[in-house]
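Encoded as structure tokens, the structure appears first; notes follow it.
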Amino acid sequence: MKVSSLKNDIKLIEDALYFYLNNDNKLIKKLFDSMRYSVDAGGKRIRPRLVLEFSRLCGGDDLTALPFACALEYIHTYSLIHDDLPCMDDDDMRRGKPSNHIVYAEDTALLAGDALQSLAFEIMSAPETVKNAGAYKSVRCINTLANFCGAKGMVGGQVIDLENEKKSAKYKEVLECDDLKTGGLIKAACVMGAILGGADDSQVKMAETYGKCIGISFQIMDDILDITSTNEELGKPVGSDLENNKTTYVSLFGIEKCRQMVNELTDEAIKALDCFSADKSALKELALSLANRKK
């Protein structure tokens, strides 16, 4: 993807994210400030970009896909707020800024995460969204996101992650955790975009395969960067996995093998795009950029 088009996509996504966060009630201003604080923390916007790109690949339009892309980013943002809480990872920094609970206190941060989750489903089920996407596609996307972010997806992965911290986890346990916790929303993004674009069942399955591969690859790169990067580069504390004796891909296989795994998963993700006849270059470039990221 060209730099100019990437910037345009991020602006499109962020304008919509802020639009849905409008509020005129002064009594809940602090709550919305807290919600915006974490939404405004930036990031790569990978998940909403994947919704848009798979929708485009399958013949969809941005107007239809954008509310679902925003909903997914709200879910991701809520998960980060909760992930940083003292009862979870107890992290004071996120994307180079103090974590939400450090700025707004733990109670407001918790509620901001809850509110973002509710807002996601409010947007997807709004009459205008359903009118544009169609009832069947809307319900499929809502069901997809609920499945991938809930007990059998991201939240379930978080539980496995907490359990893995108490023991020396095996590779299969680490893989299952990351496929749910990190990969859940990435797979959801690809599947939702494909559904909105009108993909057939086999193409939806391949979209999920793409998401699964880059999701695991993304987490392996996180493990590598936790060893090789700096706090300033990564925007959050590094070395925490090693300090907490957490089982990671790097602790299991070493950095060189992990880099090989990332390359293999990236190749598999790109191969999954073969079933699509339209221009796949943006999704190929995205997979490659994630495999070579520095933060």
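Labels for the structure tokens follow display order: chains A, B, ..., residues from 1 in each chain, ligands from 1.
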
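For stretch 56-67 of chain A, the set of protein, DNA and RNA residues having any atom at most 7 Å away, when counting only C-alpha atoms and skipping those fewer than 3 positions along the same chain, is Val51, Leu52, Glu53, Cys70, Ala71, Ile123, Met124, Thr129, Asn132, Ala133, Gly193, Ala194, Leu196, Gly197, Gly198, Ala199, Ala278, Asp279 and Lys280 of chain A.
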
Which polymer residues have any atom within 10 Å of an atom of A:Leu50, counting only C-alpha atoms, with same-chain residues fewer than 5 positions away left out, as a PyMOL selection string?
-> chain A and resi 45+55-56+69+186-194+207+211+282-283+286

File dump, residues just selected, N, CA and C atoms, as an mmCIF file, in the first residue's frame:
data_model
loop_
_atom_site.group_PDB
_atom_site.id
_atom_site.type_symbol
_atom_site.label_atom_id
_atom_site.label_comp_id
_atom_site.auth_asym_id
_atom_site.auth_seq_id
_atom_site.Cartn_x
_atom_site.Cartn_y
_atom_site.Cartn_z
ATOM 1 N N ARG A 45 -3.798 0.906 13.606
ATOM 2 C CA ARG A 45 -5.164 0.739 13.084
ATOM 3 C C ARG A 45 -5.237 -0.481 12.168
ATOM 4 N N SER A 55 -13.052 -5.906 2.515
ATOM 5 C CA SER A 55 -14.300 -5.479 1.890
ATOM 6 C C SER A 55 -14.043 -5.021 0.460
ATOM 7 N N ARG A 56 -12.999 -4.224 0.270
ATOM 8 C CA ARG A 56 -12.646 -3.754 -1.072
ATOM 9 C C ARG A 56 -12.267 -4.915 -1.973
ATOM 10 N N ALA A 69 -15.639 -1.391 10.900
ATOM 11 C CA ALA A 69 -14.219 -1.184 11.166
ATOM 12 C C ALA A 69 -14.023 -0.417 12.471
ATOM 13 N N ILE A 186 -8.078 -10.008 14.926
ATOM 14 C CA ILE A 186 -7.499 -9.911 13.581
ATOM 15 C C ILE A 186 -8.266 -10.825 12.620
ATOM 16 N N LYS A 187 -8.590 -12.031 13.069
ATOM 17 C CA LYS A 187 -9.409 -12.929 12.249
ATOM 18 C C LYS A 187 -10.794 -12.330 12.035
ATOM 19 N N ALA A 188 -11.359 -11.739 13.083
ATOM 20 C CA ALA A 188 -12.679 -11.112 12.967
ATOM 21 C C ALA A 188 -12.667 -10.021 11.902
ATOM 22 N N ALA A 189 -11.615 -9.208 11.890
ATOM 23 C CA ALA A 189 -11.514 -8.113 10.920
ATOM 24 C C ALA A 189 -11.547 -8.640 9.487
ATOM 25 N N CYS A 190 -10.772 -9.675 9.240
ATOM 26 C CA CYS A 190 -10.693 -10.235 7.884
ATOM 27 C C CYS A 190 -12.016 -10.866 7.468
ATOM 28 N N VAL A 191 -12.606 -11.616 8.367
ATOM 29 C CA VAL A 191 -13.878 -12.290 8.073
ATOM 30 C C VAL A 191 -14.995 -11.268 7.862
ATOM 31 N N MET A 192 -15.067 -10.270 8.734
ATOM 32 C CA MET A 192 -16.116 -9.257 8.603
ATOM 33 C C MET A 192 -15.990 -8.487 7.293
ATOM 34 N N GLY A 193 -14.773 -8.116 6.936
ATOM 35 C CA GLY A 193 -14.571 -7.413 5.678
ATOM 36 C C GLY A 193 -14.990 -8.246 4.483
ATOM 37 N N ALA A 194 -14.627 -9.537 4.521
ATOM 38 C CA ALA A 194 -14.992 -10.436 3.424
ATOM 39 C C ALA A 194 -16.507 -10.581 3.319
ATOM 40 N N ALA A 207 -10.004 -15.866 4.155
ATOM 41 C CA ALA A 207 -9.776 -14.600 4.855
ATOM 42 C C ALA A 207 -9.438 -14.861 6.320
ATOM 43 N N GLY A 211 -5.966 -14.059 8.440
ATOM 44 C CA GLY A 211 -5.979 -13.422 9.741
ATOM 45 C C GLY A 211 -5.302 -14.240 10.815
ATOM 46 N N ALA A 282 -2.386 -4.631 -1.522
ATOM 47 C CA ALA A 282 -2.449 -3.933 -0.237
ATOM 48 C C ALA A 282 -2.353 -4.915 0.923
ATOM 49 N N LEU A 283 -3.037 -6.041 0.805
ATOM 50 C CA LEU A 283 -3.017 -7.036 1.877
ATOM 51 C C LEU A 283 -1.679 -7.777 1.937
ATOM 52 N N LEU A 286 0.658 -5.327 3.626
ATOM 53 C CA LEU A 286 0.359 -5.234 5.050
ATOM 54 C C LEU A 286 0.970 -6.405 5.806
#

Determine which residues of stretch 38-276 of chain A DSSP labels as alpha helix (DSSP H) from the backbone of this structure, then write them out as a PyMOL selection string.
-> chain A and resi 38-39+46-57+62-83+100-124+127-133+135-149+154-164+171-181+183-197+201-228+231-234+240-243+249-253+255-271

Which residues in stretch 74-290 of chain A does DSSP call strand (DSSP E)? List them as a PyMOL selection string.
-> chain A and resi 93-94+97-98

Just give me the gap between atom CA of A:Asp267 and atom CA of A:Gln203 in Å, one decimal is fine.
->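 Taking atom CA of A:Asp267 as the start and atom CA of A:Gln203 as the end point, the length is 17.6 Å.
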
Find the spatial neighbours of stretch 248-259 of chain A, counting only C-alpha atoms, within a cut-off of 9 Å - ignore same-chain residues fewer than 5 positions away - and output them as a ChimeraX atom specification.
-> /A:169-171,174-175,219-221,223-224,227,241-242,264,291

Could you write out that same residue set with N, CA and C atoms as a short mmCIF file (atom, residue, chain, number, x, y, z; two decimals), in the first residue's frame?
data_model
loop_
_atom_site.label_atom_id
_atom_site.label_comp_id
_atom_site.auth_asym_id
_atom_site.auth_seq_id
_atom_site.Cartn_x
_atom_site.Cartn_y
_atom_site.Cartn_z
N ALA A 169 4.53 -22.88 30.43
CA ALA A 169 3.56 -23.33 29.43
C ALA A 169 4.23 -24.06 28.27
N LYS A 170 3.49 -24.96 27.67
CA LYS A 170 3.95 -25.68 26.50
C LYS A 170 3.61 -24.87 25.24
N TYR A 171 4.26 -25.24 24.14
CA TYR A 171 4.07 -24.52 22.87
C TYR A 171 2.60 -24.48 22.47
N VAL A 174 0.70 -21.93 24.51
CA VAL A 174 1.03 -20.56 24.10
C VAL A 174 0.35 -20.23 22.77
N LEU A 175 0.38 -21.18 21.84
CA LEU A 175 -0.23 -20.99 20.53
C LEU A 175 -1.74 -20.80 20.64
N GLN A 219 2.11 -11.77 17.15
CA GLN A 219 2.48 -12.03 18.54
C GLN A 219 3.92 -12.51 18.66
N ILE A 220 4.37 -13.29 17.70
CA ILE A 220 5.78 -13.72 17.72
C ILE A 220 6.70 -12.51 17.60
N MET A 221 6.32 -11.57 16.73
CA MET A 221 7.11 -10.34 16.60
C MET A 221 7.09 -9.54 17.90
N ASP A 223 6.96 -10.78 20.85
CA ASP A 223 7.90 -11.48 21.75
C ASP A 223 9.35 -11.15 21.39
N ILE A 224 9.62 -11.06 20.09
CA ILE A 224 10.97 -10.70 19.64
C ILE A 224 11.30 -9.28 20.07
N ILE A 227 12.40 -8.36 23.52
CA ILE A 227 13.80 -8.64 23.83
C ILE A 227 14.73 -7.65 23.13
N ASP A 241 8.40 -9.78 29.82
CA ASP A 241 8.21 -11.23 29.70
C ASP A 241 9.34 -11.99 30.39
N LEU A 242 10.56 -11.53 30.13
CA LEU A 242 11.73 -12.17 30.74
C LEU A 242 11.74 -11.97 32.25
N GLU A 264 7.53 -17.73 7.62
CA GLU A 264 6.70 -18.83 7.13
C GLU A 264 5.22 -18.51 7.26
N ALA A 291 5.49 -8.23 9.40
CA ALA A 291 6.60 -9.17 9.63
C ALA A 291 7.92 -8.46 9.83
#

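Counting only C-alpha atoms and comparing A:Thr266, A:Lys97, A:Thr108, A:Phe68, the residue that lies closest to A:Ser125 is A:Phe68.
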
So, counting only C-alpha atoms, which residue among A:Lys137, A:His101, A:Arg36, A:Lys294 is closest to A:Thr77?
->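 Checking each of A:Lys137, A:His101, A:Arg36, A:Lys294 against A:Thr77, counting only C-alpha atoms, the winner is A:Arg36.
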
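Each of A:Tyr210, A:Asp226, A:Asn245, A:Ala151 was compared to A:Lys271 using only C-alpha atoms, and A:Tyr210 turns out to be the nearest.
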
In Å and to one decimal, atom CA of A:Val262 is distant from atom CA of A:Arg95 by 22.8 Å

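Between atom CA of A:Met35 and atom CA of A:Ala115 the separation is 7.8 Å.
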
Would you mind listing what lies within 9 Å of A:Tyr18 as an NGL selection string, with only C-alpha atoms counted and same-chain residues fewer than 4 positions away left out?
-> :A and (13-14 or 22 or 36 or 39-40)

Any chance you could export the current selection's C-alpha atoms as a short mmCIF file (atom, residue, chain, number, x, y, z; two decimals), in the first residue's frame?
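Dumped to part28.cif:
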data_model
loop_
_atom_site.label_atom_id
_atom_site.label_comp_id
_atom_site.auth_asym_id
_atom_site.auth_seq_id
_atom_site.Cartn_x
_atom_site.Cartn_y
_atom_site.Cartn_z
CA ILE A 13 -10.90 5.56 10.12
CA GLU A 14 -9.92 8.09 12.78
CA ASN A 22 -19.51 12.82 20.27
CA ARG A 36 -11.23 9.24 23.66
CA VAL A 39 -8.86 5.75 21.13
CA ASP A 40 -6.61 8.75 20.45
#
